[in-house]
Amino acid sequence: MHVVIDGTPAINDTRAIQRYTWNLIKELAEIDYKNKFSIIYLGYKPDISSVPPGISNPNFHTTFSSAPGKLLKASWALASLPKVSFWTKGKSDLIHFPGGHAYIPNKCRIVLTTLHGFYRKLFPESMNPKERLIVLKYLNRTIKNSTHFITVSETNKKELMELWGIPEERITVIPLGISPEFKEYEITNDLKSVLLNKYSLPNKKFIMFVGALEPHKNVDKIISAYANLGAQCHREINLTLIGGKTKYCKKYNEQIRDLGISENVKFIGYIQPGSIDLAYLYNLAELFVFPSVYEAWASPPLEAMRCGTPTIVSDIPSLRESTGGIAKYCRPDNPENLADKIKELLEDSSEYEKLRQDGLLFSSKYTWKVCAEKTLELYGKLLRTAE
């Protein structure tokens with residue numbers, strides 16, 4: 001079979017979708033030497049270093065296009081050109097859009113799209129109405145143009161069935177993996193000193209969050225919960241928030257200042273996928289907190305677990321699913337409840353150790369190799385069914 005994969009999210013997206021696309025391509029190239037693959041990167045710039053390196057599989061053919069996105073969109077809107085065959089130089093059987101948008105015109109028998117959640121659909125207040133209409137327009141078009149879907153969780157699958165009436169047989173659940181750099185390390189004093197200096201962190205214990213610094217991640221609730229821990233706890237443990245700077249950071253900094261905890265809360269910018277520093281920081285963290293309002297699937301709690309760090313997440317279906325019941329669960333709307341869960345875990349050494357050990361075991365099941373193997377199996381199944 002000839003499979004086309006839109007690799008563009010690996011170079012132009014951030015966070016989970018970028019990691020997913022990058023690792024899926026890399027792992028497929030390592031396990032499949034039978035089928036032909038064409039990987040298309042649109043909007044490519046030579047200085048981008050996030051293309052999966054070291055692909056030596058002769059059946060993988062990579063195409064880079066630096067054509068401006070506005071030009072391509074105009075051409076697609078006016079003439080539905082160029083089609084996928086323009087870049088692949090021939091007919092293909094299946095095209096996979098890992099980034100959630102089936103946007104390139106094609107004549108493939110199977111159009112497979114991975115959907116990563118419906119936050120903008122379910123929470124209309126999350127963005128201004130004009131932007132939301134555009135997002136939903138592309139999402140509706142993707143659902144119309146796709147013949148099959150991958151969802152990253154059973155929760156996400158149920159949402160797709162309920163919101164758009166997609167029959168169950170057109171949806172396959174394939175959870176995301178965890179990169180191999182996430183594991184337990186022996187952090188020496190020298191390494192710890194280097195990390196603390198690099199990220200301007202004090203030599204104190206810290207509670208950690210990783211993710212988008214946006215309202216649906218409940219960053220303000222994390223800050224309020226930390227403030228509720230009290231002065232004695234603040235003397236012993238800080239709060240470290242890791243994520244790219246957003247327009248909401250000004251509000252968070254004002255909140256921190258108003259609560260009088262500016263010396264105790266530290267922001268670290270976005271850490272690129274593949275950087276071992278993030279794994280080291282998970283190892284150093286005393287606890288990991290992730291009280292999101294909504295997730296389709298969440299990798300950071302699993303990454304923390306894989307590094308031996310007990311985790312507190314929101315008590316919502318997708319996070320129950322993606323942590324396997326091996327976490328402490330808090331109410332996402334209640335910072336006092338999150339603060340209580342933090343205190344309970346810090347004060348109960350037996351529960352702390354149980355969550356640590358159980359988390360290590362549970363998280364070991366989620367690898368990018370398994371994700372790629374299940375995806376490859378789906379490619380074959382879909383094409384056999386279509387014959």
# chains A, B, ... in the order shown; residues from 1 in each chain; ligands from 1
$ select_by_dssp --residues "segment 71-116 of chain A" --states "helix (DSSP H, G or I)" --output "number ranges by chain"
A: 71-79, 84-88
$ select_by_dssp --residues "segment 238-297 of chain A" --states "strand (DSSP E or B)" --output "list of chain:residue names"
A:Asn238, A:Leu239, A:Thr240, A:Leu241, A:Ile242, A:Val265, A:Lys266, A:Phe267, A:Ile268, A:Leu287, A:Phe288, A:Val289, A:Phe290
$ write_last_selection --atoms "N, CA and C atoms" --output "PDB file, in the first residue's frame"
ATOM      1  N   ASN A 238       7.928  25.400  46.381  1.00  0.00           N
ATOM      2  CA  ASN A 238       7.512  26.416  45.413  1.00  0.00           C
ATOM      3  C   ASN A 238       6.559  25.823  44.375  1.00  0.00           C
ATOM      4  N   LEU A 239       6.108  26.675  43.468  1.00  0.00           N
ATOM      5  CA  LEU A 239       5.277  26.269  42.330  1.00  0.00           C
ATOM      6  C   LEU A 239       6.008  26.635  41.049  1.00  0.00           C
ATOM      7  N   THR A 240       6.158  25.667  40.143  1.00  0.00           N
ATOM      8  CA  THR A 240       6.828  25.895  38.855  1.00  0.00           C
ATOM      9  C   THR A 240       5.864  25.576  37.727  1.00  0.00           C
ATOM     10  N   LEU A 241       5.642  26.551  36.850  1.00  0.00           N
ATOM     11  CA  LEU A 241       4.714  26.417  35.730  1.00  0.00           C
ATOM     12  C   LEU A 241       5.510  26.425  34.427  1.00  0.00           C
ATOM     13  N   ILE A 242       5.369  25.362  33.623  1.00  0.00           N
ATOM     14  CA  ILE A 242       6.146  25.229  32.391  1.00  0.00           C
ATOM     15  C   ILE A 242       5.216  25.291  31.188  1.00  0.00           C
ATOM     16  N   VAL A 265       6.544  31.522  43.011  1.00  0.00           N
ATOM     17  CA  VAL A 265       6.000  30.980  41.763  1.00  0.00           C
ATOM     18  C   VAL A 265       6.932  31.339  40.613  1.00  0.00           C
ATOM     19  N   LYS A 266       7.369  30.324  39.882  1.00  0.00           N
ATOM     20  CA  LYS A 266       8.313  30.527  38.795  1.00  0.00           C
ATOM     21  C   LYS A 266       7.730  30.002  37.481  1.00  0.00           C
ATOM     22  N   PHE A 267       7.877  30.809  36.430  1.00  0.00           N
ATOM     23  CA  PHE A 267       7.466  30.402  35.085  1.00  0.00           C
ATOM     24  C   PHE A 267       8.695  29.970  34.290  1.00  0.00           C
ATOM     25  N   ILE A 268       8.576  28.843  33.611  1.00  0.00           N
ATOM     26  CA  ILE A 268       9.604  28.391  32.669  1.00  0.00           C
ATOM     27  C   ILE A 268       8.940  28.327  31.305  1.00  0.00           C
ATOM     28  N   LEU A 287       5.581  17.003  43.288  1.00  0.00           N
ATOM     29  CA  LEU A 287       4.253  16.620  42.817  1.00  0.00           C
ATOM     30  C   LEU A 287       4.024  17.220  41.445  1.00  0.00           C
ATOM     31  N   PHE A 288       3.095  16.604  40.705  1.00  0.00           N
ATOM     32  CA  PHE A 288       2.664  17.182  39.430  1.00  0.00           C
ATOM     33  C   PHE A 288       1.164  17.443  39.511  1.00  0.00           C
ATOM     34  N   VAL A 289       0.730  18.645  39.095  1.00  0.00           N
ATOM     35  CA  VAL A 289      -0.698  18.988  39.124  1.00  0.00           C
ATOM     36  C   VAL A 289      -1.180  19.338  37.724  1.00  0.00           C
ATOM     37  N   PHE A 290      -2.412  18.911  37.413  1.00  0.00           N
ATOM     38  CA  PHE A 290      -2.960  19.105  36.063  1.00  0.00           C
ATOM     39  C   PHE A 290      -4.490  19.143  36.146  1.00  0.00           C
TER      40      PHE A 290
END
$ residues_around --residues "Ser363 of chain A" --least-positions-apart "6" --cutoff "7 Å" --atoms "only C-alpha atoms" --output "list in words"
Leu302, Met305 and Arg306 of chain A
$ closest_atom_pairs --of "segment 158-213 of chain A" --to "segment 103-112 of chain A" --cutoff "12 Å" --atoms "only C-alpha atoms" --output "CSV"
residue,atom,partner,partner_atom,distance
A:Arg170,CA,A:Leu112,CA,9.8
A:Ile171,CA,A:Leu112,CA,9.7
A:Thr172,CA,A:Leu112,CA,10.2
$ write_last_selection --atoms "N, CA and C atoms" --output "PDB file, in the first residue's frame"
ATOM      1  N   ARG A 170     -16.664   3.751  12.379  1.00  0.00           N
ATOM      2  CA  ARG A 170     -15.786   4.674  11.653  1.00  0.00           C
ATOM      3  C   ARG A 170     -14.766   5.347  12.574  1.00  0.00           C
ATOM      4  N   ILE A 171     -14.677   4.871  13.807  1.00  0.00           N
ATOM      5  CA  ILE A 171     -13.770   5.487  14.788  1.00  0.00           C
ATOM      6  C   ILE A 171     -12.906   4.416  15.428  1.00  0.00           C
ATOM      7  N   THR A 172     -11.604   4.681  15.504  1.00  0.00           N
ATOM      8  CA  THR A 172     -10.670   3.791  16.191  1.00  0.00           C
ATOM      9  C   THR A 172      -9.922   4.591  17.258  1.00  0.00           C
TER      10      THR A 172
END
$ closest_atom_pairs --of "segment 248-343 of chain A" --to "segment 347-351 of chain A" --cutoff "12 Å" --atoms "only C-alpha atoms" --output "CSV"
residue,atom,partner,partner_atom,distance
A:Glu286,CA,A:Ser349,CA,11.9
A:Pro310,CA,A:Glu351,CA,9.3
A:Thr311,CA,A:Glu351,CA,11.4
A:Ile326,CA,A:Glu351,CA,10.9
A:Ala327,CA,A:Glu351,CA,10.1
A:Lys328,CA,A:Glu351,CA,9.7
A:Asp340,CA,A:Glu347,CA,10.5
A:Lys341,CA,A:Glu347,CA,9.9
A:Ile342,CA,A:Glu347,CA,8.6
A:Lys343,CA,A:Glu347,CA,6.0
$ write_last_selection --atoms "N, CA and C atoms" --output "compact mmCIF listing (two decimals), in the first residue's frame"
# COMPACT_ATOMS: atom_id res chain seq x y z
N GLU A 286 8.30 17.52 43.28
CA GLU A 286 7.71 16.77 44.40
C GLU A 286 6.35 16.20 44.01
N PRO A 310 4.28 11.50 41.70
CA PRO A 310 2.84 11.39 41.93
C PRO A 310 2.09 12.58 41.34
N THR A 311 0.85 12.30 40.91
CA THR A 311 0.13 13.25 40.08
C THR A 311 -1.27 13.52 40.61
N ILE A 326 -4.98 6.00 38.57
CA ILE A 326 -3.77 6.02 39.41
C ILE A 326 -3.28 7.46 39.56
N ALA A 327 -4.07 8.25 40.29
CA ALA A 327 -3.74 9.65 40.57
C ALA A 327 -4.67 10.07 41.69
N LYS A 328 -4.44 11.26 42.21
CA LYS A 328 -5.44 11.87 43.08
C LYS A 328 -6.28 12.77 42.18
N ASP A 340 -6.36 20.93 49.12
CA ASP A 340 -6.53 19.82 50.06
C ASP A 340 -5.85 18.56 49.54
N LYS A 341 -5.99 18.27 48.24
CA LYS A 341 -5.38 17.08 47.66
C LYS A 341 -3.85 17.16 47.72
N ILE A 342 -3.32 18.35 47.50
CA ILE A 342 -1.87 18.54 47.58
C ILE A 342 -1.39 18.25 49.01
N LYS A 343 -2.09 18.84 49.99
CA LYS A 343 -1.72 18.63 51.40
C LYS A 343 -1.78 17.16 51.78
$ residues_around --residues "Val219 of chain A" --least-positions-apart "3" --cutoff "9 Å" --atoms "only C-alpha atoms" --output "list in words"
Phe209, Ala212, Leu213, Glu214, Pro215, His216, Ile222, Ile223, Ser224, Leu241, Tyr252, Phe290, Pro291 and Ser292 of chain A
$ residues_around --residues "Lys374 of chain A" --least-positions-apart "6" --cutoff "10 Å" --atoms "only C-alpha atoms" --output "number ranges by chain"
A: 172-175, 368
$ closest_residue --among "A:Glu27, A:Glu387, A:Gly269, A:Thr309" --to "Lys198 of chain A" --atoms "only C-alpha atoms"
A:Gly269
$ closest_residue --among "A:Trp76, A:Asn57, A:Gly69, A:Leu28" --to "Tyr44 of chain A" --atoms "only C-alpha atoms"
A:Gly69
$ closest_atom_pairs --of "segment 3-103 of chain A" --to "segment 375-386 of chain A" --cutoff "10 Å" --atoms "only C-alpha atoms" --output "CSV"
residue,atom,partner,partner_atom,distance
A:Val3,CA,A:Tyr379,CA,8.1
A:Leu24,CA,A:Thr375,CA,8.5
A:Leu28,CA,A:Leu376,CA,7.5
A:Ile31,CA,A:Leu376,CA,9.2
A:Asp32,CA,A:Leu376,CA,8.3
A:Asn35,CA,A:Leu376,CA,10.0
A:Asp93,CA,A:Leu383,CA,7.5
A:Leu94,CA,A:Tyr379,CA,7.6
A:Ile95,CA,A:Tyr379,CA,9.4
A:His96,CA,A:Tyr379,CA,9.0
$ write_last_selection --atoms "N, CA and C atoms" --output "mmCIF file, in the first residue's frame"
data_model
loop_
_atom_site.group_PDB
_atom_site.id
_atom_site.type_symbol
_atom_site.label_atom_id
_atom_site.label_comp_id
_atom_site.auth_asym_id
_atom_site.auth_seq_id
_atom_site.Cartn_x
_atom_site.Cartn_y
_atom_site.Cartn_z
ATOM 1 N N VAL A 3 0.905 4.943 1.474
ATOM 2 C CA VAL A 3 0.303 5.811 2.490
ATOM 3 C C VAL A 3 0.955 7.184 2.428
ATOM 4 N N LEU A 24 5.059 9.578 15.446
ATOM 5 C CA LEU A 24 4.377 8.610 14.591
ATOM 6 C C LEU A 24 5.195 8.334 13.335
ATOM 7 N N LEU A 28 6.990 4.699 12.592
ATOM 8 C CA LEU A 28 6.556 3.960 11.406
ATOM 9 C C LEU A 28 7.748 3.629 10.512
ATOM 10 N N ILE A 31 9.541 0.535 11.850
ATOM 11 C CA ILE A 31 8.899 -0.784 11.936
ATOM 12 C C ILE A 31 8.351 -1.301 10.608
ATOM 13 N N ASP A 32 8.201 -0.441 9.584
ATOM 14 C CA ASP A 32 7.586 -0.908 8.336
ATOM 15 C C ASP A 32 8.520 -0.703 7.143
ATOM 16 N N ASN A 35 5.731 -1.353 3.067
ATOM 17 C CA ASN A 35 4.845 -0.456 2.343
ATOM 18 C C ASN A 35 5.545 0.853 1.968
ATOM 19 N N ASP A 93 -3.056 5.289 -1.760
ATOM 20 C CA ASP A 93 -4.234 4.552 -1.301
ATOM 21 C C ASP A 93 -4.905 5.187 -0.099
ATOM 22 N N LEU A 94 -4.097 5.764 0.764
ATOM 23 C CA LEU A 94 -4.622 6.305 2.016
ATOM 24 C C LEU A 94 -3.837 7.540 2.384
ATOM 25 N N ILE A 95 -4.537 8.567 2.863
ATOM 26 C CA ILE A 95 -3.860 9.750 3.397
ATOM 27 C C ILE A 95 -4.273 9.930 4.844
ATOM 28 N N HIS A 96 -3.281 10.189 5.674
ATOM 29 C CA HIS A 96 -3.501 10.357 7.106
ATOM 30 C C HIS A 96 -3.151 11.789 7.499
#
$ closest_residue --among "A:Lys45, A:His116, A:Arg132, A:Arg235" --to "Pro202 of chain A" --atoms "only C-alpha atoms"
A:Arg235
$ closest_residue --among "A:Gly99, A:Pro52, A:Gly324, A:Pro332" --to "Phe149 of chain A" --atoms "only C-alpha atoms"
A:Gly99
$ atom_distance --atom1 "atom CA of Glu30 of chain A" --atom2 "atom CA of Thr147 of chain A"
26.8 Å
$ residues_around --residues "Ser179 of chain A" --least-positions-apart "5" --cutoff "10 Å" --atoms "only C-alpha atoms" --output "number ranges by chain"
A: 19-20, 23, 273-274, 279, 299, 303, 306, 366-369
$ write_last_selection --atoms "N, CA and C atoms" --output "compact mmCIF listing (two decimals), in the first residue's frame"
# COMPACT_ATOMS: atom_id res chain seq x y z
N ARG A 19 4.33 16.57 18.91
CA ARG A 19 4.99 15.36 19.40
C ARG A 19 4.40 14.11 18.76
N TYR A 20 3.08 14.08 18.64
CA TYR A 20 2.39 12.93 18.05
C TYR A 20 2.81 12.71 16.60
N ASN A 23 6.63 11.73 16.32
CA ASN A 23 6.94 10.37 16.78
C ASN A 23 6.26 9.30 15.94
N PRO A 273 10.03 19.47 22.46
CA PRO A 273 9.97 18.00 22.52
C PRO A 273 11.35 17.39 22.27
N GLY A 274 11.65 16.34 22.99
CA GLY A 274 12.94 15.69 22.82
C GLY A 274 14.01 16.22 23.75
N ALA A 279 12.29 15.99 31.26
CA ALA A 279 12.28 14.74 32.04
C ALA A 279 13.01 14.92 33.37
N SER A 299 -0.94 13.86 27.88
CA SER A 299 0.36 13.21 28.04
C SER A 299 1.14 13.66 29.27
N GLU A 303 3.68 11.42 31.57
CA GLU A 303 5.11 11.70 31.59
C GLU A 303 5.61 11.83 33.02
N ARG A 306 5.73 8.45 34.62
CA ARG A 306 6.85 7.66 34.12
C ARG A 306 8.16 8.09 34.78
N TYR A 366 2.42 2.89 27.65
CA TYR A 366 2.17 3.86 26.58
C TYR A 366 3.47 4.30 25.93
N THR A 367 3.74 3.74 24.75
CA THR A 367 4.95 4.09 24.00
C THR A 367 4.55 4.53 22.61
N TRP A 368 5.43 5.27 21.95
CA TRP A 368 5.15 5.68 20.58
C TRP A 368 5.23 4.50 19.62
N LYS A 369 6.02 3.50 19.98
CA LYS A 369 6.07 2.30 19.13
C LYS A 369 4.71 1.61 19.10
$ residues_around --residues "Lys73 of chain A" --least-positions-apart "4" --cutoff "12 Å" --atoms "only C-alpha atoms" --output "list of chain:residue names"
A:Leu42, A:Gly43, A:Ala67, A:Pro68, A:Gly69, A:Ala77, A:Leu78, A:Ala79, A:Ser80, A:Leu81, A:Pro82, A:Lys83, A:Tyr103, A:Ile104, A:Pro105
$ write_last_selection --atoms "N, CA and C atoms" --output "PDB file, in the first residue's frame"
ATOM      1  N   LEU A  42       4.441  20.928   4.472  1.00  0.00           N
ATOM      2  CA  LEU A  42       4.087  22.191   3.828  1.00  0.00           C
ATOM      3  C   LEU A  42       4.530  23.357   4.709  1.00  0.00           C
ATOM      4  N   GLY A  43       4.929  24.445   4.058  1.00  0.00           N
ATOM      5  CA  GLY A  43       5.402  25.600   4.804  1.00  0.00           C
ATOM      6  C   GLY A  43       6.775  25.388   5.402  1.00  0.00           C
ATOM      7  N   ALA A  67       5.870  26.640  -0.331  1.00  0.00           N
ATOM      8  CA  ALA A  67       4.830  27.509  -0.893  1.00  0.00           C
ATOM      9  C   ALA A  67       4.048  28.177   0.231  1.00  0.00           C
ATOM     10  N   PRO A  68       3.804  29.488   0.138  1.00  0.00           N
ATOM     11  CA  PRO A  68       3.077  30.187   1.201  1.00  0.00           C
ATOM     12  C   PRO A  68       1.691  29.592   1.434  1.00  0.00           C
ATOM     13  N   GLY A  69       1.323  29.494   2.680  1.00  0.00           N
ATOM     14  CA  GLY A  69       0.028  28.922   3.029  1.00  0.00           C
ATOM     15  C   GLY A  69      -1.134  29.674   2.414  1.00  0.00           C
ATOM     16  N   ALA A  77      -9.150  26.772  -2.729  1.00  0.00           N
ATOM     17  CA  ALA A  77     -10.518  27.304  -2.722  1.00  0.00           C
ATOM     18  C   ALA A  77     -11.045  27.522  -4.138  1.00  0.00           C
ATOM     19  N   LEU A  78     -10.175  27.971  -5.047  1.00  0.00           N
ATOM     20  CA  LEU A  78     -10.600  28.309  -6.403  1.00  0.00           C
ATOM     21  C   LEU A  78     -10.651  27.104  -7.336  1.00  0.00           C
ATOM     22  N   ALA A  79      -9.680  26.194  -7.200  1.00  0.00           N
ATOM     23  CA  ALA A  79      -9.561  25.119  -8.183  1.00  0.00           C
ATOM     24  C   ALA A  79      -9.348  23.732  -7.591  1.00  0.00           C
ATOM     25  N   SER A  80      -9.344  23.633  -6.267  1.00  0.00           N
ATOM     26  CA  SER A  80      -9.043  22.358  -5.587  1.00  0.00           C
ATOM     27  C   SER A  80      -7.714  21.777  -6.064  1.00  0.00           C
ATOM     28  N   LEU A  81      -6.776  22.656  -6.303  1.00  0.00           N
ATOM     29  CA  LEU A  81      -5.429  22.278  -6.734  1.00  0.00           C
ATOM     30  C   LEU A  81      -4.404  23.074  -5.913  1.00  0.00           C
ATOM     31  N   PRO A  82      -3.215  22.526  -5.685  1.00  0.00           N
ATOM     32  CA  PRO A  82      -2.733  21.203  -6.080  1.00  0.00           C
ATOM     33  C   PRO A  82      -3.281  20.098  -5.178  1.00  0.00           C
ATOM     34  N   LYS A  83      -3.495  18.931  -5.770  1.00  0.00           N
ATOM     35  CA  LYS A  83      -3.925  17.769  -5.009  1.00  0.00           C
ATOM     36  C   LYS A  83      -2.695  17.065  -4.419  1.00  0.00           C
ATOM     37  N   TYR A 103      -7.280  18.810   5.041  1.00  0.00           N
ATOM     38  CA  TYR A 103      -7.375  20.042   4.269  1.00  0.00           C
ATOM     39  C   TYR A 103      -6.788  19.966   2.860  1.00  0.00           C
ATOM     40  N   ILE A 104      -5.973  18.971   2.544  1.00  0.00           N
ATOM     41  CA  ILE A 104      -5.342  18.900   1.218  1.00  0.00           C
ATOM     42  C   ILE A 104      -6.247  18.105   0.279  1.00  0.00           C
ATOM     43  N   PRO A 105      -6.684  18.669  -0.864  1.00  0.00           N
ATOM     44  CA  PRO A 105      -7.514  17.915  -1.802  1.00  0.00           C
ATOM     45  C   PRO A 105      -6.813  16.629  -2.240  1.00  0.00           C
TER      46      PRO A 105
END
$ closest_residue --among "A:Lys130, A:Lys70, A:His234, A:Lys183" --to "Ser262 of chain A" --atoms "only C-alpha atoms"
A:His234
$ closest_residue --among "A:Glu373, A:Glu263, A:Glu236, A:Asp333" --to "Leu346 of chain A" --atoms "only C-alpha atoms"
A:Glu236
